[in-house]
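Accompanying notes for the structure given below.
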Amino acid sequence: MTNAIILLFGSFAVLMVIGVPIAFAIGSATFLTFLLFMSFDQSLFIVAQQMASGLDSFTLLAIPFFILAGNIMNRGGIAMRLINFAQVLGGRLPGALAHCNVIANMMFGSISGSAVASAAAVGGVMAPLQKKEGYDPAFSAAVNIASCPTGLLIPPSTTFIVYSLITGGTSIAALFMAGYVPGILMGLGLMTVAGFIAKKRGYPLAPKPTLCQVWKSARDAILPLGLIVVIMGGIISGAFTATEASAAAVVYTLFLALVWYREITIRDLPAIIMESAVTTSIVLLMIGASIAMSRVMAFGGIPYLISDTLLALSDNPLAILLLINIALLIVGTFMDMTPALLIFTPIFLPVVQNLGMDPVHFGVMMTLNLCIGICTPPVGSALFVGCSVGKTSIASVIKPLLPFYAVLFGLLLLVTYVPSISLFLPRILGVYQ
C-alpha cells in the first residue's frame, strides 16, 4: 500500500514538474500504479475501461451544455449588460468600479459557471475603465482575480455537478442551493476589503446615475438574470434535472444572443460550438483520467490509509478539518480545480463522514477551498487570466491580493465550522433534509 502511494503521487508529481499535461500525468501515474497489482495488458485495459465507464454518465452531459451556454453569453453581449447593471448597483460606494467588478463577476460567473470566463469577460471590460479613473492596475487585477471564483459557488456550477458524480449522487439541487450564501458572503467580504482600500487611496465615486440610466440597465439585465430563475426554479420545482436545466440554459441564451439582442448570427455558431467542444474535451479528459486514478486508489486502499493516518494524528474533529483544509490549500496551489476535486474527494469524504459531516456541507467547503487555489500561484488559472486581461504581472499582483486572501481564508474557516451557512437554504426550501 505504501509503495502504491509513493509510486502514484511520486510519478504524478514528476510528470507535472517536467511539464506533462495534467490529464496525461494523471493517466500515466494511474497506469504505472496498476502495474504493481496486475500485468501490463490488464493495467492498460482497466485504465481505459475506467475512463470510458466514468464518462458514461447522464449527469456529466450538463457540463458541455453549461460551457456552451457560457460561451454564447460571452459572445452574445450578455456580459456587457450585466456589467452595466453592476455599475448601477455599486456606483455610489467608495471604489465604485472595484465593487462593480465584484458584482459583475458574481452575476456573470453564476450564469456562465466558469471563473476563467468571468475573469476574462468582466476583467477585459473593467480594466480599461479602472485605469482611466486612476486605479492601480495591480489592485484592479487583484479584485478581478479574487472575485471571479464566486460563480463557482453561486449556481449553476459545473463543479457541484462533478462533485455529485464523484460522491455517488449527492443532490445537485441541494448543492446548488447550499452554494448561494457562501458565494454571496464571499462577494460581500471582497467588496468590504476593496472599499476600504479604495477609500484609503482616494479612488473616485462614480457619477450618480439618472433614473433613466437605472431603468435602462435594469431592463437590459432582467432577461440575462432570468436564466438563473429558469435553471434554479426548474430544478427546485422538479420540472427538470440539472442536466435538462443545462440544455434549457443553452436554448435560453441562444434565443437572447441570436434573436433578442442579435449580437451573434448563425454564421458565428460553428466557432462558438467548436470552442465549447474543445473546452469540454479538456475537462472530460481530466475527469476520465481522474476517475481511473480514484479507482487505483481504492484498489490499493489509499483512502483508508490516509483516513486512518489523519484520525491517528488527532481525534478532535476541528483539528482534522483544519488539516484537511491545509492539505487542500496546498493541493490547490499546483493542481487545477477539477482534477483536485476528482482525486481528493474520495480520499477525504470518508474521513469527514466518520466525523459526522454532511456531504453537501463538505462539497461547499471543498469547492470554496479549491476556489482559493485557482487564485494562487503557481498554477492558478484565474490568476493567469486576470493578470493577462489586466495587463499586469503576477509578481506585481501578489501583494494587492494578500488582503483578499485573508478574507477568503476567514470565510473558509467560517463555512467549515458553521454548517448552517451551507445547509440553511437547501433545508428551508425543502430540497434537502
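Ordering of the C-alpha cells sets the chain letters (A, B, ...), residue numbers begin anew at 1 in every chain, and ligands are numbered from 1 in the order given.
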
- Task: Tell me, as JSON, numbers by chain, which residues lie within 12 Å of A:Val251, counting only C-alpha atoms; anything in the same chain fewer than 3 positions away does not count.
- Result: {"A": [65, 66, 68, 69, 70, 72, 73, 227, 230, 231, 244, 245, 246, 247, 248, 254, 255, 256, 257, 258, 259]}

- Message: Which residues are close to A:Ala146, i.e. within 10 Å by only C-alpha atoms, leaving aside same-chain residues fewer than 2 positions away? Reply as an NGL selection string.
- Response: :A and (102 or 105 or 115 or 119 or 141-144 or 148-150 or 186-187 or 190 or 371-372 or 374-376 or 382-383 or 386 or 401-402 or 404-405 or 407-408)

- Query: Could you name the residues that touch stretch 126-138 of chain A at 10 Å or less, counting only C-alpha atoms, but leaving out those on the same chain fewer than 2 positions away, as number ranges by chain?
  - Reply: A: 83, 95-98, 100-101, 104, 120-124, 140-144, 198, 201-206, 386-387, 389-401

Could the residues in this selection be written to a file with C-alpha atoms, as a CSV table (one decimal), in the first residue's frame?
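Once written, selection.csv looks like this:
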```csv
chain,number,residue,atom,x,y,z
A,83,ILE,CA,-21.6,44.8,-16.1
A,95,GLY,CA,-14.1,52.3,-5.1
A,96,ALA,CA,-17.2,52.1,-7.3
A,97,LEU,CA,-15.5,50.3,-10.2
A,98,ALA,CA,-14.0,47.7,-7.9
A,100,CYS,CA,-18.8,46.8,-10.0
A,101,ASN,CA,-16.1,44.3,-10.8
A,104,ALA,CA,-20.4,41.6,-12.3
A,120,ALA,CA,-11.7,37.3,-19.0
A,121,ALA,CA,-15.1,38.8,-19.8
A,122,VAL,CA,-15.5,41.1,-16.8
A,123,GLY,CA,-11.9,42.0,-16.4
A,124,GLY,CA,-11.5,42.8,-20.0
A,140,SER,CA,-7.8,46.2,-10.3
A,141,ALA,CA,-6.4,42.8,-11.4
A,142,ALA,CA,-6.4,41.6,-7.8
A,143,VAL,CA,-10.1,42.5,-7.3
A,144,ASN,CA,-11.0,40.7,-10.6
A,198,ALA,CA,-10.3,52.3,-2.4
A,201,ARG,CA,-6.4,55.6,-1.7
A,202,GLY,CA,-9.0,58.2,-2.6
A,203,TYR,CA,-10.4,56.4,-5.7
A,204,PRO,CA,-13.3,58.4,-7.1
A,205,LEU,CA,-17.0,57.6,-6.8
A,206,ALA,CA,-19.0,57.1,-9.9
A,386,GLY,CA,-6.7,38.1,-14.6
A,387,CYS,CA,-3.1,39.3,-15.0
A,389,VAL,CA,-6.6,41.0,-19.2
A,390,GLY,CA,-5.4,43.4,-16.5
A,391,LYS,CA,-2.1,43.9,-18.4
A,392,THR,CA,0.0,43.4,-15.2
A,393,SER,CA,2.5,40.8,-14.0
A,394,ILE,CA,1.9,38.0,-11.5
A,395,ALA,CA,4.7,39.4,-9.3
A,396,SER,CA,3.1,42.8,-9.0
A,397,VAL,CA,-0.4,41.5,-8.2
A,398,ILE,CA,0.5,39.1,-5.3
A,399,LYS,CA,0.9,41.9,-2.7
A,400,PRO,CA,-2.5,43.5,-3.5
A,401,LEU,CA,-4.1,40.0,-3.4
```

- Shell of 10 Å around A:Ala52, only C-alpha atoms, local chain residues under 5 positions omitted, as number ranges by chain: A: 46-47, 57, 285, 288-289, 291-292

I need the residues from that last selection saved to file as a PDB file, in the first residue's frame (with N, CA, C and O atoms), if you can.
```pdb
ATOM      1  N   ILE A  46      -7.781  -1.894 -17.782  1.00  0.00           N
ATOM      2  CA  ILE A  46      -8.528  -1.345 -16.647  1.00  0.00           C
ATOM      3  C   ILE A  46      -8.571   0.183 -16.716  1.00  0.00           C
ATOM      4  O   ILE A  46      -9.624   0.808 -16.486  1.00  0.00           O
ATOM      5  N   VAL A  47      -7.432   0.821 -17.032  1.00  0.00           N
ATOM      6  CA  VAL A  47      -7.397   2.286 -17.113  1.00  0.00           C
ATOM      7  C   VAL A  47      -8.351   2.779 -18.191  1.00  0.00           C
ATOM      8  O   VAL A  47      -9.148   3.706 -17.974  1.00  0.00           O
ATOM      9  N   SER A  57     -22.082   8.904 -18.176  1.00  0.00           N
ATOM     10  CA  SER A  57     -22.975   9.401 -17.135  1.00  0.00           C
ATOM     11  C   SER A  57     -23.894  10.481 -17.695  1.00  0.00           C
ATOM     12  O   SER A  57     -23.435  11.432 -18.334  1.00  0.00           O
ATOM     13  N   LEU A 285     -11.618  14.859 -20.432  1.00  0.00           N
ATOM     14  CA  LEU A 285     -10.418  14.025 -20.405  1.00  0.00           C
ATOM     15  C   LEU A 285      -9.821  14.003 -18.996  1.00  0.00           C
ATOM     16  O   LEU A 285      -9.408  12.941 -18.502  1.00  0.00           O
ATOM     17  N   GLY A 288     -12.149  11.812 -16.852  1.00  0.00           N
ATOM     18  CA  GLY A 288     -11.944  10.391 -17.115  1.00  0.00           C
ATOM     19  C   GLY A 288     -10.669   9.863 -16.484  1.00  0.00           C
ATOM     20  O   GLY A 288     -10.664   8.800 -15.835  1.00  0.00           O
ATOM     21  N   ALA A 289      -9.561  10.595 -16.647  1.00  0.00           N
ATOM     22  CA  ALA A 289      -8.282  10.173 -16.067  1.00  0.00           C
ATOM     23  C   ALA A 289      -8.346  10.177 -14.539  1.00  0.00           C
ATOM     24  O   ALA A 289      -7.804   9.275 -13.879  1.00  0.00           O
ATOM     25  N   ILE A 291     -11.022   9.742 -12.660  1.00  0.00           N
ATOM     26  CA  ILE A 291     -11.850   8.628 -12.209  1.00  0.00           C
ATOM     27  C   ILE A 291     -11.031   7.336 -12.193  1.00  0.00           C
ATOM     28  O   ILE A 291     -11.138   6.514 -11.266  1.00  0.00           O
ATOM     29  N   ALA A 292     -10.186   7.153 -13.211  1.00  0.00           N
ATOM     30  CA  ALA A 292      -9.300   5.989 -13.222  1.00  0.00           C
ATOM     31  C   ALA A 292      -8.329   6.036 -12.038  1.00  0.00           C
ATOM     32  O   ALA A 292      -8.042   5.007 -11.411  1.00  0.00           O
TER      33      ALA A 292
END
```

- Message: Can you pull out the residues contacting A:Leu414? Cut-off 10 Å, using only C-alpha atoms, and skip same-chain residues under 5 positions away; I want them as a list in words.
- Response: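 Result of the neighbour search: Pro182, Met365, Leu408, Phe409, Pro419 and Ile421 of chain A.
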
Restricting it to N, CA, C and O atoms, dump the selection as a PDB file, in the first residue's frame.
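Result file follows (again.pdb):
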```pdb
ATOM      1  N   PRO A 182     -22.659  31.067   0.949  1.00  0.00           N
ATOM      2  CA  PRO A 182     -21.204  31.259   0.932  1.00  0.00           C
ATOM      3  C   PRO A 182     -20.726  32.108  -0.244  1.00  0.00           C
ATOM      4  O   PRO A 182     -19.810  32.931  -0.086  1.00  0.00           O
ATOM      5  N   MET A 365     -17.522  23.254   1.284  1.00  0.00           N
ATOM      6  CA  MET A 365     -16.221  23.557   1.888  1.00  0.00           C
ATOM      7  C   MET A 365     -15.086  23.272   0.910  1.00  0.00           C
ATOM      8  O   MET A 365     -14.163  24.079   0.741  1.00  0.00           O
ATOM      9  N   LEU A 408     -10.768  35.417   2.124  1.00  0.00           N
ATOM     10  CA  LEU A 408     -11.140  34.088   1.632  1.00  0.00           C
ATOM     11  C   LEU A 408     -10.801  33.006   2.651  1.00  0.00           C
ATOM     12  O   LEU A 408     -11.589  32.078   2.863  1.00  0.00           O
ATOM     13  N   PHE A 409      -9.642  33.121   3.303  1.00  0.00           N
ATOM     14  CA  PHE A 409      -9.280  32.142   4.330  1.00  0.00           C
ATOM     15  C   PHE A 409     -10.239  32.220   5.515  1.00  0.00           C
ATOM     16  O   PHE A 409     -10.645  31.184   6.065  1.00  0.00           O
ATOM     17  N   PRO A 419     -21.854  24.750   9.847  1.00  0.00           N
ATOM     18  CA  PRO A 419     -22.562  24.037   8.770  1.00  0.00           C
ATOM     19  C   PRO A 419     -23.832  24.737   8.283  1.00  0.00           C
ATOM     20  O   PRO A 419     -24.196  24.622   7.116  1.00  0.00           O
ATOM     21  N   ILE A 421     -24.413  27.688   7.537  1.00  0.00           N
ATOM     22  CA  ILE A 421     -24.183  28.648   6.456  1.00  0.00           C
ATOM     23  C   ILE A 421     -24.467  27.988   5.107  1.00  0.00           C
ATOM     24  O   ILE A 421     -25.051  28.597   4.206  1.00  0.00           O
TER      25      ILE A 421
END
```

- Assign secondary structure with DSSP using the backbone only, and return the residues of stretch 109-148 of chain A in alpha helix (DSSP H) as a PyMOL selection string. chain A and resi 109-112+115-132+137-147

Residues as selected, N, CA and C atoms, written as an mmCIF file, in the first residue's frame, can you do that?
```
data_model
loop_
_atom_site.group_PDB
_atom_site.id
_atom_site.type_symbol
_atom_site.label_atom_id
_atom_site.label_comp_id
_atom_site.auth_asym_id
_atom_site.auth_seq_id
_atom_site.Cartn_x
_atom_site.Cartn_y
_atom_site.Cartn_z
ATOM 1 N N GLY A 109 -20.442 35.124 -13.448
ATOM 2 C CA GLY A 109 -19.882 33.835 -13.089
ATOM 3 C C GLY A 109 -20.944 32.832 -12.705
ATOM 4 N N SER A 110 -21.978 33.303 -12.008
ATOM 5 C CA SER A 110 -23.038 32.381 -11.599
ATOM 6 C C SER A 110 -23.816 31.853 -12.795
ATOM 7 N N ILE A 111 -23.942 32.662 -13.825
ATOM 8 C CA ILE A 111 -24.690 32.230 -15.003
ATOM 9 C C ILE A 111 -23.819 31.387 -15.927
ATOM 10 N N SER A 112 -22.569 31.801 -16.106
ATOM 11 C CA SER A 112 -21.684 31.062 -17.022
ATOM 12 C C SER A 112 -21.083 29.831 -16.354
ATOM 13 N N ALA A 115 -15.083 30.439 -13.761
ATOM 14 C CA ALA A 115 -14.301 31.527 -13.173
ATOM 15 C C ALA A 115 -13.401 32.172 -14.212
ATOM 16 N N VAL A 116 -12.800 31.359 -15.070
ATOM 17 C CA VAL A 116 -11.886 31.878 -16.082
ATOM 18 C C VAL A 116 -12.632 32.744 -17.096
ATOM 19 N N ALA A 117 -13.800 32.273 -17.541
ATOM 20 C CA ALA A 117 -14.603 33.061 -18.488
ATOM 21 C C ALA A 117 -15.030 34.376 -17.857
ATOM 22 N N SER A 118 -15.380 34.327 -16.578
ATOM 23 C CA SER A 118 -15.788 35.536 -15.881
ATOM 24 C C SER A 118 -14.625 36.515 -15.749
ATOM 25 N N ALA A 119 -13.445 35.997 -15.379
ATOM 26 C CA ALA A 119 -12.261 36.854 -15.245
ATOM 27 C C ALA A 119 -11.919 37.526 -16.566
ATOM 28 N N ALA A 120 -12.051 36.776 -17.657
ATOM 29 C CA ALA A 120 -11.715 37.322 -18.970
ATOM 30 C C ALA A 120 -12.750 38.345 -19.434
ATOM 31 N N ALA A 121 -14.036 37.978 -19.306
ATOM 32 C CA ALA A 121 -15.096 38.847 -19.821
ATOM 33 C C ALA A 121 -15.228 40.123 -19.002
ATOM 34 N N VAL A 122 -15.343 39.980 -17.688
ATOM 35 C CA VAL A 122 -15.544 41.143 -16.818
ATOM 36 C C VAL A 122 -14.253 41.957 -16.703
ATOM 37 N N GLY A 123 -13.142 41.269 -16.493
ATOM 38 C CA GLY A 123 -11.866 41.980 -16.366
ATOM 39 C C GLY A 123 -11.485 42.716 -17.623
ATOM 40 N N GLY A 124 -11.794 42.131 -18.780
ATOM 41 C CA GLY A 124 -11.471 42.789 -20.048
ATOM 42 C C GLY A 124 -12.197 44.098 -20.230
ATOM 43 N N VAL A 125 -13.402 44.181 -19.679
ATOM 44 C CA VAL A 125 -14.183 45.424 -19.784
ATOM 45 C C VAL A 125 -13.785 46.408 -18.686
ATOM 46 N N MET A 126 -13.596 45.898 -17.457
ATOM 47 C CA MET A 126 -13.388 46.782 -16.310
ATOM 48 C C MET A 126 -11.977 47.355 -16.231
ATOM 49 N N ALA A 127 -10.966 46.600 -16.647
ATOM 50 C CA ALA A 127 -9.578 47.066 -16.503
ATOM 51 C C ALA A 127 -9.330 48.423 -17.165
ATOM 52 N N PRO A 128 -9.744 48.636 -18.428
ATOM 53 C CA PRO A 128 -9.528 49.960 -19.038
ATOM 54 C C PRO A 128 -10.279 51.082 -18.327
ATOM 55 N N LEU A 129 -11.506 50.780 -17.855
ATOM 56 C CA LEU A 129 -12.290 51.791 -17.148
ATOM 57 C C LEU A 129 -11.618 52.179 -15.838
ATOM 58 N N GLN A 130 -11.115 51.180 -15.116
ATOM 59 C CA GLN A 130 -10.456 51.450 -13.837
ATOM 60 C C GLN A 130 -9.147 52.211 -14.040
ATOM 61 N N LYS A 131 -8.407 51.855 -15.078
ATOM 62 C CA LYS A 131 -7.159 52.560 -15.367
ATOM 63 C C LYS A 131 -7.431 54.027 -15.690
ATOM 64 N N LYS A 132 -8.511 54.283 -16.424
ATOM 65 C CA LYS A 132 -8.884 55.652 -16.790
ATOM 66 C C LYS A 132 -9.225 56.484 -15.559
ATOM 67 N N PRO A 137 -3.347 49.333 -11.661
ATOM 68 C CA PRO A 137 -3.671 48.126 -12.431
ATOM 69 C C PRO A 137 -3.519 46.840 -11.619
ATOM 70 N N ALA A 138 -2.545 46.790 -10.725
ATOM 71 C CA ALA A 138 -2.353 45.591 -9.906
ATOM 72 C C ALA A 138 -3.533 45.393 -8.949
ATOM 73 N N PHE A 139 -4.042 46.496 -8.373
ATOM 74 C CA PHE A 139 -5.205 46.411 -7.486
ATOM 75 C C PHE A 139 -6.444 45.976 -8.276
ATOM 76 N N SER A 140 -6.636 46.551 -9.452
ATOM 77 C CA SER A 140 -7.785 46.187 -10.291
ATOM 78 C C SER A 140 -7.751 44.711 -10.648
ATOM 79 N N ALA A 141 -6.561 44.233 -11.026
ATOM 80 C CA ALA A 141 -6.418 42.820 -11.370
ATOM 81 C C ALA A 141 -6.672 41.935 -10.155
ATOM 82 N N ALA A 142 -6.206 42.375 -8.983
ATOM 83 C CA ALA A 142 -6.404 41.591 -7.758
ATOM 84 C C ALA A 142 -7.887 41.448 -7.426
ATOM 85 N N VAL A 143 -8.646 42.528 -7.569
ATOM 86 C CA VAL A 143 -10.097 42.479 -7.324
ATOM 87 C C VAL A 143 -10.756 41.495 -8.282
ATOM 88 N N ASN A 144 -10.389 41.562 -9.551
ATOM 89 C CA ASN A 144 -10.975 40.684 -10.561
ATOM 90 C C ASN A 144 -10.622 39.221 -10.305
ATOM 91 N N ILE A 145 -9.357 38.965 -9.973
ATOM 92 C CA ILE A 145 -8.892 37.595 -9.738
ATOM 93 C C ILE A 145 -9.579 36.982 -8.513
ATOM 94 N N ALA A 146 -9.655 37.758 -7.435
ATOM 95 C CA ALA A 146 -10.228 37.228 -6.191
ATOM 96 C C ALA A 146 -11.729 36.995 -6.288
ATOM 97 N N SER A 147 -12.411 37.787 -7.117
ATOM 98 C CA SER A 147 -13.878 37.698 -7.161
ATOM 99 C C SER A 147 -14.410 36.780 -8.260
#
```

- Item | Distance of atom CA of A:Val351 from atom CA of A:Tyr304, expressed in Å to one decimal place |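 According to the coordinates, atom CA of A:Tyr304 and atom CA of A:Val351 are separated by 8.5 Å.
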
- Residues within 8 Å of stretch 310-324 of chain A, only C-alpha atoms, excluding chain neighbours under 5 positions, as number ranges by chain: A: 348, 351-352, 355, 416-417

Include C-alpha atoms and write out the residues we just selected as a PDB file, in the first residue's frame.
```
ATOM      1  CA  PHE A 348     -11.304  12.961   2.344  1.00  0.00           C
ATOM      2  CA  VAL A 351     -12.850  10.882   6.791  1.00  0.00           C
ATOM      3  CA  VAL A 352     -15.357  13.710   7.235  1.00  0.00           C
ATOM      4  CA  LEU A 355     -16.745  12.791  11.847  1.00  0.00           C
ATOM      5  CA  THR A 416     -16.043  24.794   7.592  1.00  0.00           C
ATOM      6  CA  TYR A 417     -17.064  25.201  11.210  1.00  0.00           C
TER       7      TYR A 417
END
```

- Message: Which residues are near stretch 366-368 of chain A? Cut-off 9 Å, only C-alpha atoms, ignore same chain within fewer than 2 positions. Put them as a PyMOL selection string.
- Response: chain A and resi 149-150+152-153+159-160+163+182-183+325+328+337+341+345+361-364+370-373+408+411-412+415

- Task: Using atom CA of A:Ala62 and atom CA of A:Ser420 as the two end points, give the distance in Å to one decimal.
- Result: 27.8 Å

- Interatomic distance between atom CA of A:Ile26 and atom CA of A:Met335?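 Taking atom CA of A:Ile26 and atom CA of A:Met335, their separation equals 11.0 Å.
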
- Item | Minimum-distance residue to A:Leu55, chosen among A:Ala242, A:Pro224, A:Leu165, A:Ala218 (using only C-alpha atoms) |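 Of A:Ala242, A:Pro224, A:Leu165, A:Ala218, the one nearest A:Leu55 is A:Leu165, counting only C-alpha atoms.
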